[in-house]
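J.: Have a look at the structure that comes next, please.
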Amino acid sequence: MSSQPTSSNDVLLQRVLSYFARVKQQTPQPIAHPDATVNRLAIEQLESLRRAAVLIPITRADEFNESQVVLTVRSANLKSHAGQISLPGGSQDARDADVYATALRESEEEIGLPPSKVEIIGRLGELALPSGFRVTPIIGLIDSGLQFSPCPLEVADIFHAPLSLVMNPHAYRSTEIHYDKVARKTLELTYEDYRIWGATAAILHHLALQVFKE
């Protein structure tokens, strides 16, 4: 599959592609948690955290649609982060050759996205989380109009957010949540009735900042 946008008008996707082509040989910067206290505690425990990976699936633009990012709504039955917006992914298994394999395997299991339909263009640095994971986001291009098959045990819904919104650093706002009766800073992005926050918002905000930092 070609990594070039299918529409010459999709300048934003071209900018994302150009960024990852430029930094291909560089070690990506770690992603900071929006709350400095949480970030410090997570970094201190980095070596004990379990590796995980998520996929940021970006659709190629076509003559009818702009590029979008595929996101999921976690099942209400899950023990952790139930009902939250997330990127497809999960913890690394012994069978996974690397974090790329983890992201692709988990995406196929969660939303029925075959690895053969994904063109990997790059990765971001790790995000250390107090929940016990160090997450590596992998960026992949997919064709628009693909049909997904969500795993009902893990995914309640699948939706697409415009890349133009996700890649706008100013669309994110800082807010607070209370965890164990302690206020913690987090980022939040709103699209239609979806509230994207926590680790997912931190990852997407970091991507936007990296692409537009120059």
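Naming works like this for the structure tokens: A, B, ... for the chains as they're shown, residue 1 at the start of each chain, ligands 1 onward in shown order.
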Where does DSSP see helix (DSSP H, G or I) in region 20-200 of chain A, if you list the residues as JSON, numbers by chain?
T.: {"A": [20, 21, 22, 36, 37, 38, 39, 40, 41, 42, 43, 44, 46, 47, 48, 99, 100, 101, 102, 103, 104, 105, 106, 107, 108, 109, 110, 111, 115, 116, 117, 163, 164, 165, 166, 169, 170, 171, 198, 199, 200]}
J.: Once you count only C-alpha atoms, what closest atom pair and distance in Å to one decimal does each residue of region 86-118 of chain A within 9 Å of region 31-52 of chain A have, with rows by chain and rising residue number, as a tab-separated table?
T.:
residue	atom	partner	partner_atom	distance
A:Gly89	CA	A:Ala52	CA	7.5
A:Gly90	CA	A:Ala52	CA	5.4
A:Ser91	CA	A:Ala52	CA	3.9
A:Gln92	CA	A:Ala52	CA	5.0
A:Asp93	CA	A:Ala52	CA	8.8
A:Val99	CA	A:Ala52	CA	7.0
A:Thr102	CA	A:Ala52	CA	7.3
A:Ala103	CA	A:Ala52	CA	8.0
J.: Atoms to include: N, CA and C atoms. Write the selected residues as a tab-separated table (two decimals), in the first residue's frame.
T.:
chain	number	residue	atom	x	y	z
A	89	GLY	N	-5.60	-1.56	21.39
A	89	GLY	CA	-4.28	-1.98	21.87
A	89	GLY	C	-4.37	-2.71	23.19
A	90	GLY	N	-3.22	-3.07	23.74
A	90	GLY	CA	-3.18	-3.80	25.00
A	90	GLY	C	-1.77	-4.18	25.37
A	91	SER	N	-1.64	-5.05	26.35
A	91	SER	CA	-0.33	-5.42	26.87
A	91	SER	C	0.40	-6.38	25.95
A	92	GLN	N	1.72	-6.32	26.00
A	92	GLN	CA	2.56	-7.14	25.14
A	92	GLN	C	2.59	-8.58	25.65
A	93	ASP	N	2.44	-9.53	24.72
A	93	ASP	CA	2.52	-10.95	25.03
A	93	ASP	C	3.88	-11.49	24.61
A	99	VAL	N	6.69	-4.16	19.85
A	99	VAL	CA	5.49	-3.38	20.16
A	99	VAL	C	4.61	-3.19	18.91
A	102	THR	N	2.44	-6.14	18.82
A	102	THR	CA	1.43	-6.03	19.87
A	102	THR	C	0.26	-5.17	19.43
A	103	ALA	N	0.57	-4.00	18.88
A	103	ALA	CA	-0.47	-3.07	18.45
A	103	ALA	C	-1.34	-3.68	17.34
J.: Between A:Leu17, A:Gly198, A:Phe159, A:His205, which residue has the minimum interatomic distance to Leu146 (chain A), considering only C-alpha atoms?
T.: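 Closest residue, counting only C-alpha atoms: A:Phe159.
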J.: Compile the contact shell of Ala101 (chain A) as a list in words: residues with an atom at most 9 Å away, counting only C-alpha atoms, same-chain residues fewer than 4 positions apart removed.
T.: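 The filter keeps Ala53, Gln92, Arg95, Asp96, Ala97, Arg105, Glu106 and Pro115 of chain A.
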J.: Could you check how far CA of Val211 (chain A) sits from CA of Tyr19 (chain A), in Å to one decimal?
T.: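 About the pair CA of Val211 (chain A) and CA of Tyr19 (chain A): they are 6.0 Å apart.
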J.: Which one of A:Met167, A:Leu141, A:Leu71, A:Leu129 sits closest to Arg195 (chain A) if you count only C-alpha atoms?
T.: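 Checking each candidate against Arg195 (chain A), we get A:Leu71 as the closest.
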J.: Restricting the calculation to only C-alpha atoms: of A:Ile56, A:Val166, A:Ala161, A:Ile177, which residue gets closest to Glu119 (chain A)?
T.: A:Ile56
J.: Of the residues A:Thr200, A:Gln147, A:Thr190, A:Gln210, which is the one nearest to Leu55 (chain A), using only C-alpha atoms?
T.: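 For Leu55 (chain A), the nearest of the given residues is A:Thr200.
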J.: For Pro57 (chain A), which of A:Glu126, A:Asp98, A:Asp143, A:Asp10 is the closest residue, counting only C-alpha atoms?
T.: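 Closest to Pro57 (chain A), using only C-alpha atoms: A:Asp143.
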J.: Between CA of Leu87 (chain A) and CA of Val54 (chain A), what is the distance, to one decimal in Å?
T.: 6.0 Å
J.: Which neighbours of Thr72 (chain A) fall inside 9 Å, counting only C-alpha atoms, when residues of the same chain fewer than 3 positions from it are skipped, and could you give them as a list of chain:residue names?
T.: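 The contact residues come out as A:Gln84, A:Ile85, A:Ser86, A:Leu87, A:Pro88, A:Ile111, A:Pro150, A:Val155, A:Ala156, A:Asp157, A:Ile158, A:Phe159, A:His160.
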J.: Just to be explicit: take each residue in the selection above, keep C-alpha atoms, and write the result as a PDB file, in the first residue's frame.
T.:
ATOM      1  CA  GLN A  84     -13.875   5.283  28.325  1.00  0.00           C
ATOM      2  CA  ILE A  85     -12.625   6.270  24.878  1.00  0.00           C
ATOM      3  CA  SER A  86      -9.490   4.417  23.848  1.00  0.00           C
ATOM      4  CA  LEU A  87      -7.218   3.436  21.010  1.00  0.00           C
ATOM      5  CA  PRO A  88      -7.123  -0.251  20.054  1.00  0.00           C
ATOM      6  CA  ILE A 111     -11.915  -4.264  16.245  1.00  0.00           C
ATOM      7  CA  PRO A 150     -15.731  -5.085  17.461  1.00  0.00           C
ATOM      8  CA  VAL A 155     -15.460  -2.769  22.689  1.00  0.00           C
ATOM      9  CA  ALA A 156     -18.914  -1.226  22.943  1.00  0.00           C
ATOM     10  CA  ASP A 157     -18.601   1.085  19.946  1.00  0.00           C
ATOM     11  CA  ILE A 158     -16.222   2.264  17.208  1.00  0.00           C
ATOM     12  CA  PHE A 159     -16.228   5.798  15.840  1.00  0.00           C
ATOM     13  CA  HIS A 160     -14.105   8.120  13.679  1.00  0.00           C
TER      14      HIS A 160
END
J.: Would you mind writing down, as a PyMOL selection string, each residue of region 7-213 of chain A that DSSP on the backbone assigns to strand (DSSP E)?
T.: chain A and resi 50-59+68-74+85-86+89-91+119-123+127-129+133-142+155-162+173-179+182-191+194-197
J.: Take the selection from the previous step and output its residues with C-alpha atoms, as a short mmCIF file (atom, residue, chain, number, x, y, z; two decimals), in the first residue's frame.
T.:
data_model
loop_
_atom_site.label_atom_id
_atom_site.label_comp_id
_atom_site.auth_asym_id
_atom_site.auth_seq_id
_atom_site.Cartn_x
_atom_site.Cartn_y
_atom_site.Cartn_z
CA ARG A 50 4.53 -3.80 31.86
CA ARG A 51 4.98 -2.99 28.16
CA ALA A 52 1.91 -2.28 26.09
CA ALA A 53 1.12 -0.77 22.71
CA VAL A 54 -1.81 0.95 21.03
CA LEU A 55 -2.51 1.67 17.38
CA ILE A 56 -3.47 5.11 16.12
CA PRO A 57 -5.31 4.13 12.92
CA ILE A 58 -5.51 7.08 10.51
CA THR A 59 -7.69 6.72 7.43
CA GLN A 68 -9.97 10.43 10.40
CA VAL A 69 -8.70 8.64 13.50
CA VAL A 70 -10.41 5.41 14.56
CA LEU A 71 -11.29 5.27 18.26
CA THR A 72 -13.21 2.85 20.44
CA VAL A 73 -15.56 3.00 23.40
CA ARG A 74 -14.55 0.42 25.96
CA ILE A 85 -12.63 6.27 24.88
CA SER A 86 -9.49 4.42 23.85
CA GLY A 89 -4.28 -1.98 21.87
CA GLY A 90 -3.18 -3.80 25.00
CA SER A 91 -0.33 -5.42 26.87
CA GLU A 119 0.65 0.50 6.82
CA ILE A 120 2.89 1.40 9.76
CA ILE A 121 4.42 4.85 9.37
CA GLY A 122 6.03 5.37 12.78
CA ARG A 123 5.73 5.39 16.53
CA LEU A 127 3.73 6.91 28.07
CA ALA A 128 4.30 5.62 31.62
CA LEU A 129 1.06 5.14 33.51
CA PHE A 133 1.87 0.02 32.01
CA ARG A 134 4.34 1.73 29.69
CA VAL A 135 2.46 2.29 26.45
CA THR A 136 4.00 2.79 23.00
CA PRO A 137 1.65 4.35 20.41
CA ILE A 138 2.08 3.03 16.85
CA ILE A 139 0.77 5.09 13.94
CA GLY A 140 -0.74 3.24 10.98
CA LEU A 141 -2.52 4.23 7.78
CA ILE A 142 -5.65 2.41 6.70
CA VAL A 155 -15.46 -2.77 22.69
CA ALA A 156 -18.91 -1.23 22.94
CA ASP A 157 -18.60 1.08 19.95
CA ILE A 158 -16.22 2.26 17.21
CA PHE A 159 -16.23 5.80 15.84
CA HIS A 160 -14.10 8.12 13.68
CA ALA A 161 -12.86 11.54 14.80
CA PRO A 162 -11.62 14.03 12.17
CA ARG A 173 -8.33 21.58 27.33
CA SER A 174 -6.86 20.94 30.73
CA THR A 175 -9.28 19.69 33.37
CA GLU A 176 -9.28 17.77 36.65
CA ILE A 177 -10.48 14.36 37.75
CA HIS A 178 -10.56 12.96 41.26
CA TYR A 179 -8.77 9.68 41.85
CA VAL A 182 -6.99 13.47 45.00
CA ALA A 183 -7.43 15.97 42.16
CA ARG A 184 -5.35 15.08 39.11
CA LYS A 185 -4.80 17.11 35.95
CA THR A 186 -5.82 15.54 32.66
CA LEU A 187 -6.42 16.58 29.07
CA GLU A 188 -9.79 16.41 27.39
CA LEU A 189 -10.94 16.53 23.76
CA THR A 190 -14.62 16.62 22.83
CA TYR A 191 -16.04 15.32 19.56
CA TYR A 194 -17.64 11.63 22.87
CA ARG A 195 -15.35 12.78 25.66
CA ILE A 196 -11.77 11.75 24.95
CA TRP A 197 -9.55 12.10 28.00
#
J.: Which polymer residues have any atom within 7 Å of an atom of Leu113 (chain A), counting only C-alpha atoms, with same-chain residues fewer than 3 positions away left out, as an mmCIF file with C-alpha atoms, in the first residue's frame?
T.:
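Okay, out-v9.cif is ready:
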data_model
loop_
_atom_site.group_PDB
_atom_site.id
_atom_site.type_symbol
_atom_site.label_atom_id
_atom_site.label_comp_id
_atom_site.auth_asym_id
_atom_site.auth_seq_id
_atom_site.Cartn_x
_atom_site.Cartn_y
_atom_site.Cartn_z
ATOM 1 C CA SER A 107 -6.229 -4.163 16.964
ATOM 2 C CA GLU A 108 -7.269 -7.294 15.108
ATOM 3 C CA PHE A 148 -14.783 -3.301 11.572
#
J.: Write out as a ChimeraX atom specification each polymer residue whose atoms come within 12 Å of Phe212 (chain A), counting only C-alpha atoms; drop sequence neighbours fewer than 5 positions from it.
T.: /A:12,15-16,18-20,167-170,205-207
